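Novice: This is the structure I have questions about; it appears just below.
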Amino acid sequence: MKKLLFVLAFTFIVQQVFSQLYIVSVLSIHSDPTNTCTYSGYDLAIYVVDPTGAETVTCIDDDVDDYGLKTLAQVLNNIIAQGYKITNIQTGAIEGEGALTFLQTKNMDPAFGVDPSEELLPGTTFFLSVP
């Protein structure tokens, strides 16, 4: 009986150690470890590491109006639809102000007739796991 209890406890601990985790990072194309988005005209890369260690990179523009935010939402929603939940969000202290670094008004001079727009900032990492 003690052996059975030990085996069940050991199995539970091993299962918890090897839990499923997705990591999704919004990176500058210059920080993309796969160099997928270099020279492609994009500003950011959504870097996804799945529980098996496979890497997926989606190139996006940093302008919210050019589907950058929509693409990020689609990537996160596809993972959430598989039963994962966001367990932690880490923001890039270097790139942002320490808060959720998604939207920022660009510093543009209205004298040139350019309206300020919102942009995605690199440096945010989402951790998603099975509850």
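Residues are named by chain letter and number: chains run A, B, ... in the order of the structure tokens, numbers start at 1 in each chain, and ligands are numbered from 1 in the order shown.
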Leaving out Leu21 in chain A and any residue of its chain fewer than 5 positions from it, which residues lie within 6 Å of it when counting only C-alpha atoms, given as a list of chain:residue names?

Specialist: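 What passes the distance filter is A:Pro51, A:Leu128, A:Ser129.
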
Novice: Could you give me, as JSON, numbers by chain, the residues within 10 Å of Gly68 in chain A, counting only C-alpha atoms and dropping anything in the same chain fewer than 5 positions from it?

Specialist: {"A": [42, 43, 44, 45, 46, 59, 60, 61, 62, 63, 73, 119, 120]}

Novice: I need the chosen residues saved as a short mmCIF file (atom, residue, chain, number, x, y, z; two decimals), in the first residue's frame, with N, CA and C atoms.

Specialist:
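Heads up, here's the output in again_23.cif:
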```cif
data_model
loop_
_atom_site.label_atom_id
_atom_site.label_comp_id
_atom_site.auth_asym_id
_atom_site.auth_seq_id
_atom_site.Cartn_x
_atom_site.Cartn_y
_atom_site.Cartn_z
N TYR A 42 8.73 44.44 -41.66
CA TYR A 42 7.97 44.45 -40.42
C TYR A 42 8.80 45.05 -39.30
N ASP A 43 8.11 45.50 -38.25
CA ASP A 43 8.78 46.13 -37.11
C ASP A 43 8.93 45.18 -35.93
N LEU A 44 7.98 44.26 -35.75
CA LEU A 44 7.95 43.40 -34.58
C LEU A 44 7.79 41.94 -34.97
N ALA A 45 8.15 41.07 -34.03
CA ALA A 45 7.95 39.63 -34.21
C ALA A 45 7.23 39.10 -32.99
N ILE A 46 6.18 38.31 -33.22
CA ILE A 46 5.53 37.59 -32.13
C ILE A 46 6.20 36.22 -32.09
N CYS A 59 5.46 37.75 -38.06
CA CYS A 59 5.94 39.12 -38.27
C CYS A 59 4.74 40.07 -38.32
N ILE A 60 4.84 41.18 -37.58
CA ILE A 60 3.75 42.15 -37.56
C ILE A 60 4.32 43.56 -37.64
N ASP A 61 3.46 44.48 -38.01
CA ASP A 61 3.80 45.89 -37.99
C ASP A 61 3.50 46.43 -36.61
N ASP A 62 4.23 47.45 -36.19
CA ASP A 62 4.00 47.98 -34.84
C ASP A 62 2.80 48.90 -34.76
N ASP A 63 2.25 49.34 -35.88
CA ASP A 63 1.08 50.21 -35.85
C ASP A 63 -0.17 49.39 -35.54
N ALA A 73 -3.69 39.47 -30.76
CA ALA A 73 -4.89 38.93 -30.13
C ALA A 73 -5.26 37.57 -30.72
N GLU A 119 0.99 52.57 -31.21
CA GLU A 119 1.86 51.51 -31.68
C GLU A 119 2.08 50.46 -30.60
N LEU A 120 2.36 49.26 -31.04
CA LEU A 120 2.75 48.19 -30.13
C LEU A 120 4.22 48.37 -29.79
#
```

Novice: May I have the residues within 12 Å of range 82-87 of chain A as a ChimeraX atom specification, using only C-alpha atoms and disregarding those fewer than 6 positions away in the same chain?

Specialist: /A:19-24,50-51,75-76,125-131

Novice: Next, the residues of the selection above should be written as a JSON list (two decimals), in the first residue's frame with C-alpha atoms.

Specialist:
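Heads up, here's the output in again_3.json:
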```json
[["chain", "number", "residue", "atom", "x", "y", "z"],
["A", 19, "SER", "CA", 3.35, 20.93, -16.97],
["A", 20, "GLN", "CA", 2.38, 22.51, -20.26],
["A", 21, "LEU", "CA", 3.59, 26.07, -20.84],
["A", 22, "TYR", "CA", 3.35, 28.44, -23.79],
["A", 23, "ILE", "CA", 5.59, 31.51, -23.91],
["A", 24, "VAL", "CA", 4.57, 34.37, -26.22],
["A", 50, "ASP", "CA", 5.01, 25.83, -27.40],
["A", 51, "PRO", "CA", 5.21, 23.10, -24.73],
["A", 75, "VAL", "CA", -2.20, 34.37, -31.59],
["A", 76, "LEU", "CA", -3.18, 34.57, -27.92],
["A", 125, "THR", "CA", 6.03, 38.35, -22.61],
["A", 126, "PHE", "CA", 2.91, 36.28, -21.91],
["A", 127, "PHE", "CA", 3.08, 33.00, -20.03],
["A", 128, "LEU", "CA", 0.15, 30.65, -20.66],
["A", 129, "SER", "CA", -0.36, 27.33, -18.90],
["A", 130, "VAL", "CA", -3.00, 24.69, -18.33],
["A", 131, "PRO", "CA", -4.78, 25.41, -15.05]]
```

Novice: Which of these residues is nearest to Thr124 in chain A, using only C-alpha atoms: A:Thr36, A:Gln74, A:Ser28, A:Thr56?

Specialist: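 For Thr124 in chain A, the nearest of the given residues is A:Ser28.
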
Novice: What does the structure give for the distance between CA of Asn78 in chain A and CA of Glu55 in chain A, in Å to one decimal?

Specialist: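 That distance, rounded to one decimal, is 15.2 Å.
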
Novice: Let me make sure I understand: among A:Thr91, A:Ser25, A:Asn77, A:Thr34, which one has the smallest atom-to-atom distance to Val49 in chain A if we use only C-alpha atoms?

Specialist: A:Ser25

Novice: Grab the CA of Cys37 in chain A to CA of Thr58 in chain A distance for me, in Å with one decimal place.

Specialist: 8.0 Å
